[in-house]
Amino acid sequence: MKKTKSLVSVFIEDKTSREPCEDAYLHFLHRCQVINHGISSAVVKDAQDSATRFFDLPADEKMHLVSDNFQEPVRYGTSINHSTDRVHYWRDFIKHYSHPLSNWINLWPSNPPCYKEKVGKYAEATHVLHKQLIEAISESLGLEKNYLQEEIEEGSQVMAVNCYPACPEPEIALGMPPHSDYGSLTILLQSSEGLQIKDCNNNWVCVPYIEGALIVQLGDQVEVMSNGIYKSVVHRVTVNKDYKRLSFASLHSLPMHKKISPATQLVNENKPAAYGEFSFNDFLDYISRNDITQKRFIDTLRKKNL
Ligand SMILES: O=C(O)CCC(=O)C(=O)O
Ligand SMILES: [Fe+2]
């Protein structure tokens with residue numbers, strides 16, 4: 001079976017195997033893990049090993065990449081924004097722009113020497129997978145498969161590589177606070193459990209670790225484009241006291257300046273546009289001036305009279 005087709009069928013099969021209501025479909029997508037993604041275990045392992053070696057470097061080797069500027073294409077840090085966070089989170093991260101790879105890879109860490117090549121291979125593979133998933137989502141909404149094709153080809157990809165060290169008091173700490181991702185989809189690779197998502201009843205649910213699987217999380221751009229048929233996933237990261245956890249969050253989005261709004265095919269008299277338009281740049285502007293734990297960005301886009 002062709003990869004794209006099998007991904008589509010994963011979505012559709014689950015849609016029909018549950019109660020035929022919108023919520024059931026969303027419920028499934030909140031929990032989506034993809035196993036038939038076509039990214040080899042060697043590519044995944046090499047990327048994980050390279051990232052582990054990067055985080056194991058002495059602090060002063062990483063410090064020259066520290067920045068609180070959210071627009072910086074390569075940024076190392078702890079917490080979310082170390083200088084403004086009122087609560088610090090138990091996380092180190094390196095974030096880098098990743099698409100088109102040749103535009104950015106020279107800025108990526110040069111130590112360990114394998115980092116660029118190995119993480120670069122993984123980033124390119126997730127870009128291909130993202131395109132397939134967006135096609136499946138567009139079709140599931142009754143839109144053309146290539147509805148967002150151009151925007152995805154030219155779109156942005158930020159790879160957030162997160163390291164959550166073992167924490168002596170995990171019950172009073174978090175690796176990341178509750179948030180949803182701004183983009184279209186996030187493709188997430190976790191080395192062990194730790195991610196939790198908020199379900200329809202507002203309970204935190206642990207996302208199980210499945211060897212070889214990639215977690216697919218819906219972001220704010222898909223919620224807006226689908227006019228609320230899909231909802232972006234609120235998630236947070238817990239930590240543990242026994243071992244370090246590594247995750248790769250590949251954050252995909254439309255190009256930085258491109259505004260997304262509800263698809264006209266999904267807007268009608270009975271279902272008017274429920275959100276205003278926004279771009280990735282608008283989100284960056286918001287996050288640099290606001291605390292996302294106080295108010296979600298997507299809440300600022302909802303039309304008030306609906
Ligand atoms: O580490 C994780 O499981 C999630 C990371 C995440 O949510 C993010 O980087 O936006
Ligand atoms: Fe996230």
# chains A, B, ... in the order shown; residues from 1 in each chain; ligands from 1

$ residues_near_ligand --ligand "ligand 2" --cutoff "12 Å" --atoms "only C-alpha atoms and all ligand atoms" --output "ChimeraX atom specification"
/A:80,158-162,175-189,195-197,215-220,232-237,247-252,292

$ select_by_dssp --residues "region 55-260 of chain A" --states "alpha helix (DSSP H)" --output "PyMOL selection string"
chain A and resi 55+59-63+101-104+115-140+149-153+220-225

$ write_last_selection --atoms "C-alpha atoms" --output "short mmCIF file (atom, residue, chain, number, x, y, z; two decimals), in the first residue's frame"
data_model
loop_
_atom_site.label_atom_id
_atom_site.label_comp_id
_atom_site.auth_asym_id
_atom_site.auth_seq_id
_atom_site.Cartn_x
_atom_site.Cartn_y
_atom_site.Cartn_z
CA PHE A 55 23.04 18.36 25.34
CA ALA A 59 27.48 24.51 29.25
CA ASP A 60 29.90 27.11 27.87
CA GLU A 61 29.95 25.32 24.48
CA LYS A 62 26.18 25.83 24.18
CA MET A 63 25.94 29.29 25.72
CA LEU A 101 17.33 23.03 5.03
CA SER A 102 20.10 24.56 2.88
CA ASN A 103 19.07 28.07 4.02
CA TRP A 104 19.62 27.31 7.68
CA TYR A 115 24.70 17.01 14.36
CA LYS A 116 24.00 18.86 11.12
CA GLU A 117 23.94 15.77 8.93
CA LYS A 118 21.99 13.45 11.23
CA VAL A 119 19.40 15.90 12.53
CA GLY A 120 19.15 17.35 9.01
CA LYS A 121 18.15 13.94 7.61
CA TYR A 122 15.45 13.57 10.23
CA ALA A 123 14.17 17.12 9.59
CA GLU A 124 13.86 16.48 5.85
CA ALA A 125 12.02 13.21 6.43
CA THR A 126 9.50 14.86 8.76
CA HIS A 127 8.88 17.57 6.18
CA VAL A 128 7.79 14.90 3.69
CA LEU A 129 5.58 13.22 6.28
CA HIS A 130 3.96 16.52 7.19
CA LYS A 131 2.94 17.08 3.58
CA GLN A 132 1.29 13.64 3.47
CA LEU A 133 -0.58 14.25 6.70
CA ILE A 134 -1.84 17.66 5.58
CA GLU A 135 -3.12 16.08 2.36
CA ALA A 136 -4.99 13.48 4.44
CA ILE A 137 -6.46 16.15 6.68
CA SER A 138 -7.52 18.31 3.73
CA GLU A 139 -9.29 15.35 2.13
CA SER A 140 -10.99 14.45 5.40
CA GLN A 149 0.21 22.41 -1.17
CA GLU A 150 1.98 25.63 -2.10
CA GLU A 151 1.94 26.97 1.43
CA ILE A 152 3.42 23.72 2.72
CA GLU A 153 6.18 23.58 0.09
CA ASP A 220 -3.73 26.39 15.74
CA GLN A 221 -3.42 26.83 11.96
CA VAL A 222 -5.42 23.63 11.30
CA GLU A 223 -8.05 24.67 13.86
CA VAL A 224 -8.48 28.02 12.08
CA MET A 225 -8.32 26.57 8.53
#

$ closest_residue --among "A:Leu246, A:Leu266, A:Val34, A:Ala273" --to "ligand 1" --atoms "only C-alpha atoms and all ligand atoms"
A:Leu246

$ select_by_dssp --residues "region 100-270 of chain A" --states "strand (DSSP E or B)" --output "ChimeraX atom specification"
/A:156-164,176-179,185-190,195-198,204-206,214-218,235-237,245-253,260

$ closest_residue --among "A:Gly155, A:Pro208, A:Pro170, A:Gly228" --to "ligand 1" --atoms "only C-alpha atoms and all ligand atoms"
A:Pro208

$ atom_distance --atom1 "CA of Ser79 (chain A)" --atom2 "CA of Arg91 (chain A)"
5.2 Å

$ closest_residue --among "A:Asn146, A:Gln190, A:Asn111, A:Ser67" --to "Lys45 (chain A)" --atoms "only C-alpha atoms"
A:Gln190

$ closest_residue --among "A:Asn201, A:Ser192, A:Asn290, A:Asn227" --to "ligand 1" --atoms "only C-alpha atoms and all ligand atoms"
A:Ser192

$ closest_residue --among "A:His88, A:Arg53, A:His99, A:Lys244" --to "ligand 1" --atoms "only C-alpha atoms and all ligand atoms"
A:Lys244

$ closest_residue --among "A:Val239, A:Ile287, A:Ile260, A:Ala274" --to "ligand 1" --atoms "only C-alpha atoms and all ligand atoms"
A:Val239
